[in-house]
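Peer 1: What follows is target_30.pdb, PDB, C-alpha atoms, pLDDT in the B column.
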ATOM      1  CA  LEU P   1     102.139 100.158  56.437  1.00 53.00           C
ATOM      2  CA  ASN P   2     102.124  97.140  54.249  1.00 70.00           C
ATOM      3  CA  MET P   3     100.700  96.947  50.755  1.00 89.00           C
ATOM      4  CA  LEU P   4      97.118  98.246  51.068  1.00 94.00           C
ATOM      5  CA  THR P   5      94.553  97.704  48.363  1.00 96.00           C
ATOM      6  CA  PHE P   6      91.016  99.061  48.062  1.00 97.00           C
ATOM      7  CA  ARG P   7      88.574  97.266  45.827  1.00 97.00           C
ATOM      8  CA  GLN P   8      84.874  97.227  45.159  1.00 98.00           C
ATOM      9  CA  ALA P   9      83.144  94.184  46.612  1.00 98.00           C
ATOM     10  CA  THR P  10      81.074  91.871  44.426  1.00 96.00           C
ATOM     11  CA  GLU P  11      78.474  89.200  45.038  1.00 94.00           C
ATOM     12  CA  SER P  12      81.294  86.733  45.722  1.00 97.00           C
ATOM     13  CA  ASP P  13      82.177  88.810  48.818  1.00 98.00           C
ATOM     14  CA  TYR P  14      78.953  88.374  50.843  1.00 97.00           C
ATOM     15  CA  GLN P  15      80.568  85.833  53.187  1.00 97.00           C
ATOM     16  CA  LEU P  16      83.723  87.924  53.497  1.00 98.00           C
ATOM     17  CA  ILE P  17      81.756  91.049  54.444  1.00 97.00           C
ATOM     18  CA  GLN P  18      79.791  89.052  57.010  1.00 96.00           C
ATOM     19  CA  SER P  19      83.017  87.573  58.388  1.00 96.00           C
ATOM     20  CA  LEU P  20      84.745  90.966  58.671  1.00 97.00           C
ATOM     21  CA  ALA P  21      81.614  92.372  60.331  1.00 95.00           C
ATOM     22  CA  SER P  22      81.569  89.538  62.849  1.00 94.00           C
ATOM     23  CA  GLN P  23      85.190  90.357  63.766  1.00 94.00           C
ATOM     24  CA  THR P  24      84.467  94.058  64.344  1.00 93.00           C
ATOM     25  CA  TRP P  25      80.909  94.210  65.624  1.00 90.00           C
ATOM     26  CA  GLU P  26      81.100  93.177  69.249  1.00 87.00           C
ATOM     27  CA  ASP P  27      84.461  94.848  69.770  1.00 88.00           C
ATOM     28  CA  THR P  28      83.041  98.155  68.496  1.00 89.00           C
ATOM     29  CA  TYR P  29      79.799  98.169  70.478  1.00 90.00           C
ATOM     30  CA  LYS P  30      80.218  95.916  73.530  1.00 90.00           C
ATOM     31  CA  ASN P  31      80.607  98.904  75.872  1.00 90.00           C
ATOM     32  CA  ILE P  32      77.805 100.899  74.227  1.00 92.00           C
ATOM     33  CA  LEU P  33      74.932  98.520  73.407  1.00 93.00           C
ATOM     34  CA  THR P  34      73.320  95.548  75.102  1.00 93.00           C
ATOM     35  CA  LYS P  35      74.078  92.048  73.825  1.00 93.00           C
ATOM     36  CA  ALA P  36      70.420  91.758  72.735  1.00 94.00           C
ATOM     37  CA  GLN P  37      70.681  94.916  70.616  1.00 94.00           C
ATOM     38  CA  LEU P  38      74.060  93.851  69.221  1.00 93.00           C
ATOM     39  CA  ASP P  39      72.637  90.521  68.072  1.00 93.00           C
ATOM     40  CA  TYR P  40      69.481  92.106  66.663  1.00 93.00           C
ATOM     41  CA  MET P  41      71.389  94.743  64.687  1.00 92.00           C
ATOM     42  CA  PHE P  42      73.962  92.267  63.397  1.00 92.00           C
ATOM     43  CA  GLU P  43      71.226  90.076  61.936  1.00 91.00           C
ATOM     44  CA  MET P  44      69.461  93.141  60.517  1.00 90.00           C
ATOM     45  CA  MET P  45      72.569  94.410  58.745  1.00 91.00           C
ATOM     46  CA  TYR P  46      74.755  91.408  58.140  1.00 94.00           C
ATOM     47  CA  SER P  47      72.719  88.341  57.367  1.00 95.00           C
ATOM     48  CA  ILE P  48      73.789  87.205  53.889  1.00 96.00           C
ATOM     49  CA  GLU P  49      70.281  87.992  52.678  1.00 96.00           C
ATOM     50  CA  ASN P  50      70.500  91.571  53.978  1.00 95.00           C
ATOM     51  CA  ILE P  51      73.993  92.178  52.586  1.00 97.00           C
ATOM     52  CA  LYS P  52      72.675  90.963  49.238  1.00 97.00           C
ATOM     53  CA  LYS P  53      69.679  93.305  49.499  1.00 97.00           C
ATOM     54  CA  GLN P  54      71.877  96.296  50.385  1.00 96.00           C
ATOM     55  CA  MET P  55      74.134  95.611  47.415  1.00 96.00           C
ATOM     56  CA  ASN P  56      71.562  94.676  44.774  1.00 96.00           C
ATOM     57  CA  GLU P  57      68.309  96.425  45.686  1.00 95.00           C
ATOM     58  CA  LEU P  58      69.497  99.459  47.656  1.00 96.00           C
ATOM     59  CA  HIS P  59      72.595  99.862  45.436  1.00 95.00           C
ATOM     60  CA  HIS P  60      75.006 100.381  48.321  1.00 97.00           C
ATOM     61  CA  LEU P  61      78.582 100.171  47.084  1.00 98.00           C
ATOM     62  CA  PHE P  62      80.711  97.909  49.279  1.00 98.00           C
ATOM     63  CA  PHE P  63      84.500  98.120  49.362  1.00 98.00           C
ATOM     64  CA  ILE P  64      87.127  95.860  50.916  1.00 98.00           C
ATOM     65  CA  VAL P  65      90.583  96.870  52.129  1.00 97.00           C
ATOM     66  CA  GLU P  66      93.289  94.236  52.066  1.00 96.00           C
ATOM     67  CA  ASP P  67      96.586  94.526  53.898  1.00 93.00           C
ATOM     68  CA  ASP P  68      99.144  92.335  52.090  1.00 91.00           C
ATOM     69  CA  HIS P  69      96.251  90.416  50.490  1.00 92.00           C
ATOM     70  CA  THR P  70      94.531  89.862  53.857  1.00 95.00           C
ATOM     71  CA  PRO P  71      91.065  91.446  54.062  1.00 97.00           C
ATOM     72  CA  CYS P  72      90.995  93.683  57.144  1.00 97.00           C
ATOM     73  CA  ALA P  73      88.384  96.423  56.642  1.00 97.00           C
ATOM     74  CA  TYR P  74      85.281  97.344  54.698  1.00 97.00           C
ATOM     75  CA  CYS P  75      82.888 100.178  54.062  1.00 97.00           C
ATOM     76  CA  SER P  76      79.678 100.758  52.204  1.00 97.00           C
ATOM     77  CA  ILE P  77      78.519 103.935  50.542  1.00 98.00           C
ATOM     78  CA  GLU P  78      74.989 104.940  49.603  1.00 97.00           C
ATOM     79  CA  GLN P  79      74.218 107.666  47.081  1.00 97.00           C
ATOM     80  CA  LYS P  80      71.493 109.886  48.568  1.00 97.00           C
ATOM     81  CA  ASP P  81      71.263 112.296  45.622  1.00 97.00           C
ATOM     82  CA  ASP P  82      73.612 113.863  43.054  1.00 96.00           C
ATOM     83  CA  PHE P  83      75.454 115.778  45.764  1.00 98.00           C
ATOM     84  CA  LEU P  84      75.199 113.757  48.984  1.00 98.00           C
ATOM     85  CA  PHE P  85      76.721 110.362  49.769  1.00 98.00           C
ATOM     86  CA  ASN P  86      76.416 108.421  53.009  1.00 98.00           C
ATOM     87  CA  PHE P  87      79.089 106.147  54.457  1.00 97.00           C
ATOM     88  CA  GLN P  88      76.775 103.444  55.770  1.00 94.00           C
ATOM     89  CA  LYS P  89      79.547 101.348  57.256  1.00 94.00           C
ATOM     90  CA  ILE P  90      83.222 101.920  58.067  1.00 95.00           C
ATOM     91  CA  TYR P  91      84.873  99.101  59.995  1.00 95.00           C
ATOM     92  CA  ALA P  92      88.377  97.705  60.438  1.00 95.00           C
ATOM     93  CA  VAL P  93      89.168  94.519  62.330  1.00 95.00           C
ATOM     94  CA  PRO P  94      90.565  95.229  65.822  1.00 93.00           C
ATOM     95  CA  THR P  95      94.029  93.832  65.016  1.00 93.00           C
ATOM     96  CA  VAL P  96      94.669  96.716  62.568  1.00 93.00           C
ATOM     97  CA  HIS P  97      93.299  99.570  64.692  1.00 91.00           C
ATOM     98  CA  GLY P  98      95.768 102.457  64.891  1.00 90.00           C
ATOM     99  CA  LYS P  99      97.552 101.493  61.671  1.00 92.00           C
ATOM    100  CA  GLY P 100      95.936 104.074  59.376  1.00 93.00           C
ATOM    101  CA  ILE P 101      93.491 101.637  57.782  1.00 94.00           C
ATOM    102  CA  GLY P 102      90.417 103.699  58.764  1.00 94.00           C
ATOM    103  CA  ARG P 103      91.980 106.829  57.288  1.00 96.00           C
ATOM    104  CA  TYR P 104      92.823 104.899  54.107  1.00 96.00           C
ATOM    105  CA  LEU P 105      89.276 103.528  53.890  1.00 96.00           C
ATOM    106  CA  ILE P 106      87.687 106.986  54.140  1.00 97.00           C
ATOM    107  CA  GLU P 107      90.187 108.636  51.785  1.00 97.00           C
ATOM    108  CA  GLN P 108      89.759 105.916  49.168  1.00 98.00           C
ATOM    109  CA  GLY P 109      85.966 105.963  49.552  1.00 98.00           C
ATOM    110  CA  ILE P 110      85.873 109.723  49.014  1.00 98.00           C
ATOM    111  CA  GLU P 111      88.260 109.408  46.074  1.00 97.00           C
ATOM    112  CA  TYR P 112      85.944 106.794  44.509  1.00 98.00           C
ATOM    113  CA  ILE P 113      82.924 109.082  44.979  1.00 98.00           C
ATOM    114  CA  LYS P 114      84.705 112.106  43.472  1.00 97.00           C
ATOM    115  CA  THR P 115      85.937 110.063  40.506  1.00 97.00           C
ATOM    116  CA  HIS P 116      82.638 108.352  39.664  1.00 97.00           C
ATOM    117  CA  PHE P 117      80.183 111.091  40.707  1.00 96.00           C
ATOM    118  CA  PRO P 118      81.602 114.477  39.700  1.00 95.00           C
ATOM    119  CA  THR P 119      78.656 116.421  41.173  1.00 97.00           C
ATOM    120  CA  ALA P 120      79.232 114.985  44.671  1.00 97.00           C
ATOM    121  CA  SER P 121      79.943 117.703  47.202  1.00 98.00           C
ATOM    122  CA  LYS P 122      79.211 116.208  50.629  1.00 98.00           C
ATOM    123  CA  VAL P 123      79.620 112.946  52.526  1.00 98.00           C
ATOM    124  CA  GLU P 124      77.861 112.085  55.747  1.00 98.00           C
ATOM    125  CA  LEU P 125      77.954 109.278  58.257  1.00 97.00           C
ATOM    126  CA  TYR P 126      75.976 108.277  61.308  1.00 96.00           C
ATOM    127  CA  VAL P 127      78.024 107.338  64.353  1.00 96.00           C
ATOM    128  CA  ASN P 128      76.851 106.285  67.787  1.00 94.00           C
ATOM    129  CA  ARG P 129      77.213 109.278  70.096  1.00 95.00           C
ATOM    130  CA  PHE P 130      79.246 107.181  72.576  1.00 92.00           C
ATOM    131  CA  ASN P 131      81.539 105.627  69.972  1.00 93.00           C
ATOM    132  CA  PRO P 132      85.181 106.702  70.492  1.00 91.00           C
ATOM    133  CA  ALA P 133      85.410 106.910  66.668  1.00 93.00           C
ATOM    134  CA  VAL P 134      83.636 110.304  66.858  1.00 96.00           C
ATOM    135  CA  ASP P 135      87.033 111.885  67.602  1.00 96.00           C
ATOM    136  CA  PHE P 136      88.633 110.028  64.689  1.00 96.00           C
ATOM    137  CA  TYR P 137      85.952 111.319  62.309  1.00 97.00           C
ATOM    138  CA  LYS P 138      86.473 114.878  63.580  1.00 98.00           C
ATOM    139  CA  HIS P 139      90.192 114.392  62.926  1.00 97.00           C
ATOM    140  CA  MET P 140      89.266 113.282  59.369  1.00 97.00           C
ATOM    141  CA  GLY P 141      87.422 116.554  58.780  1.00 98.00           C
ATOM    142  CA  PHE P 142      83.854 115.536  59.611  1.00 98.00           C
ATOM    143  CA  GLU P 143      81.729 117.880  61.705  1.00 98.00           C
ATOM    144  CA  ILE P 144      78.712 117.056  63.830  1.00 98.00           C
ATOM    145  CA  GLU P 145      75.700 118.457  61.987  1.00 98.00           C
ATOM    146  CA  SER P 146      72.930 117.054  64.184  1.00 97.00           C
ATOM    147  CA  THR P 147      71.788 114.069  66.212  1.00 97.00           C
ATOM    148  CA  ARG P 148      69.249 111.365  65.487  1.00 96.00           C
ATOM    149  CA  ASP P 149      67.490 108.718  67.527  1.00 95.00           C
ATOM    150  CA  HIS P 150      66.518 106.182  64.910  1.00 91.00           C
ATOM    151  CA  HIS P 151      64.065 103.434  65.888  1.00 93.00           C
ATOM    152  CA  ILE P 152      65.150 100.113  64.366  1.00 93.00           C
ATOM    153  CA  GLY P 153      62.491  97.807  65.812  1.00 93.00           C
ATOM    154  CA  ASN P 154      62.310  95.627  68.937  1.00 92.00           C
ATOM    155  CA  ASP P 155      62.334  98.804  71.082  1.00 92.00           C
ATOM    156  CA  PHE P 156      65.931  99.445  69.978  1.00 93.00           C
ATOM    157  CA  TYR P 157      67.288 102.798  68.842  1.00 93.00           C
ATOM    158  CA  MET P 158      70.422 103.980  67.114  1.00 90.00           C
ATOM    159  CA  ASN P 159      71.498 107.132  68.991  1.00 94.00           C
ATOM    160  CA  ASP P 160      73.753 108.817  66.499  1.00 96.00           C
ATOM    161  CA  PHE P 161      75.550 111.953  65.571  1.00 97.00           C
ATOM    162  CA  ILE P 162      75.095 112.866  61.913  1.00 97.00           C
ATOM    163  CA  MET P 163      78.559 113.948  60.829  1.00 98.00           C
ATOM    164  CA  VAL P 164      79.290 115.654  57.512  1.00 98.00           C
ATOM    165  CA  LYS P 165      82.284 116.611  55.404  1.00 98.00           C
ATOM    166  CA  THR P 166      82.459 118.741  52.268  1.00 98.00           C
ATOM    167  CA  ILE P 167      84.428 117.068  49.484  1.00 97.00           C
TER     168      ILE P 167
END
So that I can check it, write out the structure of this file as structure tokens.

Peer 2:
Amino acid sequence: LNMLTFRQATESDYQLIQSLASQTWEDTYKNILTKAQLDYMFEMMYSIENIKKQMNELHHLFFIVEDDHTPCAYCSIEQKDDFLFNFQKIYAVPTVHGKGIGRYLIEQGIEYIKTHFPTASKVELYVNRFNPAVDFYKHMGFEIESTRDHHIGNDFYMNDFIMVKTI
């Protein structure tokens, strides 16, 4: 691996987050979701306005991973309560898949949570039930706790596993 860095995103990173998302989105879901749902969800989650809202109003913490100063992955974390944190997003651009970036992202995210929120004891994430990443998350110590079929509008649903890990 090259020189990896993990940093908290700021308001100056809205475009970067949107750009990284646009590089990962279709590749991740093209075999799982329809093009119509892909486009709908991308706008819902990654318009600049919605990234701004997630960061400023919903207080999601966004983080960027750079590989030799080149941004290649991001995640966002939401505090649910004093004990539970949710990885809202965990994505790496396709060119770095298999290089340990996803592992680094999760490890650094958990390290950040443990450092800044000493009462934290559990992290969770929602992952599409047909996403090959389910096996990766199991490998990272997450367990399937339950399933959810979350209506997101326009007759679209997110059909997820809720996966959890004690930290």

Peer 1: Determine the nearest neighbour of Ile77 (chain P) from the options P:Val96, P:Gly109, P:Asn50, P:Ile64, counting only C-alpha atoms.

Peer 2: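 Closest to Ile77 (chain P), using only C-alpha atoms: P:Gly109.
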
Peer 1: One decimal, in Å: what's the spacing between CA of Ile167 (chain P) and CA of Ile110 (chain P)?

Peer 2: 7.5 Å

Peer 1: Do you know which residues the PyMOL selection byres ((chain P and resi 18-28) around 12) returns on this file, as a ChimeraX atom specification?

Peer 2: /P:12-17,29-52,62-66,70-76,89-97,127-128,130-133

Peer 1: Leaving out Leu4 (chain P) and any residue of its chain fewer than 6 positions from it, which residues lie within 9 Å of it when counting only C-alpha atoms, given as a list of chain:residue names?

Peer 2: P:Val65, P:Glu66, P:Asp67, P:Asp68, P:His69, P:Ile101, P:Tyr104

Peer 1: From the list P:Lys80, P:His139, P:Arg129, P:Lys114, which residue is nearest Gly102 (chain P) when using only C-alpha atoms?

Peer 2: P:His139

Peer 1: Apply the PyMOL selection byres ((chain P and resi 82) around 12) to the file shown and report the selected residues as number ranges by chain.

Peer 2: P: 78-81, 83-86, 113-114, 116-123

Peer 1: Quick one: distance from CA of Lys99 (chain P) to CA of Asn2 (chain P) in Å, one decimal?

Peer 2: 9.7 Å

Peer 1: At what distance in Å, to one decimal, does CA of Glu11 (chain P) lie from CA of Met163 (chain P)?

Peer 2: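 So the two atoms, CA of Met163 (chain P) and CA of Glu11 (chain P), lie 29.4 Å apart.
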
Peer 1: Using all atoms listed in the file, pick whichever of P:Phe156, P:Tyr112, P:Phe6, P:Tyr126 has the shortest atom-to-atom distance to Ile144 (chain P).

Peer 2: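 Residue with the minimum atom-to-atom distance to Ile144 (chain P): P:Tyr126.
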
Peer 1: How would you write, as a PDB file with C-alpha atoms, in the frame of the given file, the residues chosen by the PyMOL selection byres ((chain P and resi 148) around 10) on this structure?

Peer 2:
ATOM      1  CA  TYR P 126      75.976 108.277  61.308  1.00 96.00           C
ATOM      2  CA  VAL P 127      78.024 107.338  64.353  1.00 96.00           C
ATOM      3  CA  ASN P 128      76.851 106.285  67.787  1.00 94.00           C
ATOM      4  CA  ARG P 129      77.213 109.278  70.096  1.00 95.00           C
ATOM      5  CA  SER P 146      72.930 117.054  64.184  1.00 97.00           C
ATOM      6  CA  THR P 147      71.788 114.069  66.212  1.00 97.00           C
ATOM      7  CA  ASP P 149      67.490 108.718  67.527  1.00 95.00           C
ATOM      8  CA  HIS P 150      66.518 106.182  64.910  1.00 91.00           C
ATOM      9  CA  HIS P 151      64.065 103.434  65.888  1.00 93.00           C
ATOM     10  CA  TYR P 157      67.288 102.798  68.842  1.00 93.00           C
ATOM     11  CA  MET P 158      70.422 103.980  67.114  1.00 90.00           C
ATOM     12  CA  ASN P 159      71.498 107.132  68.991  1.00 94.00           C
ATOM     13  CA  ASP P 160      73.753 108.817  66.499  1.00 96.00           C
ATOM     14  CA  PHE P 161      75.550 111.953  65.571  1.00 97.00           C
ATOM     15  CA  ILE P 162      75.095 112.866  61.913  1.00 97.00           C
TER      16      ILE P 162
END

Peer 1: I'd like the contact shell of Phe142 (chain P) - 10 Å cut-off, all atoms listed in the file, skipping same-chain residues fewer than 3 positions apart - returned as a PDB file with C-alpha atoms, in the frame of the given file.

Peer 2:
ATOM      1  CA  VAL P 123      79.620 112.946  52.526  1.00 98.00           C
ATOM      2  CA  GLU P 124      77.861 112.085  55.747  1.00 98.00           C
ATOM      3  CA  LEU P 125      77.954 109.278  58.257  1.00 97.00           C
ATOM      4  CA  VAL P 134      83.636 110.304  66.858  1.00 96.00           C
ATOM      5  CA  ASP P 135      87.033 111.885  67.602  1.00 96.00           C
ATOM      6  CA  PHE P 136      88.633 110.028  64.689  1.00 96.00           C
ATOM      7  CA  TYR P 137      85.952 111.319  62.309  1.00 97.00           C
ATOM      8  CA  LYS P 138      86.473 114.878  63.580  1.00 98.00           C
ATOM      9  CA  HIS P 139      90.192 114.392  62.926  1.00 97.00           C
ATOM     10  CA  GLU P 145      75.700 118.457  61.987  1.00 98.00           C
ATOM     11  CA  ILE P 162      75.095 112.866  61.913  1.00 97.00           C
ATOM     12  CA  MET P 163      78.559 113.948  60.829  1.00 98.00           C
ATOM     13  CA  VAL P 164      79.290 115.654  57.512  1.00 98.00           C
ATOM     14  CA  LYS P 165      82.284 116.611  55.404  1.00 98.00           C
ATOM     15  CA  THR P 166      82.459 118.741  52.268  1.00 98.00           C
TER      16      THR P 166
END

Peer 1: Give me the box for region 82-98 of chain P as AutoDock Vina command-line options, namely the centre and edge lengths in Å to one decimal of a box along x, y and z that holds every listed atom plus 5 Å on each side.

Peer 2:
--center_x 84.7 --center_y 104.8 --center_z 54.4 --size_x 32.2 --size_y 31.9 --size_z 32.8
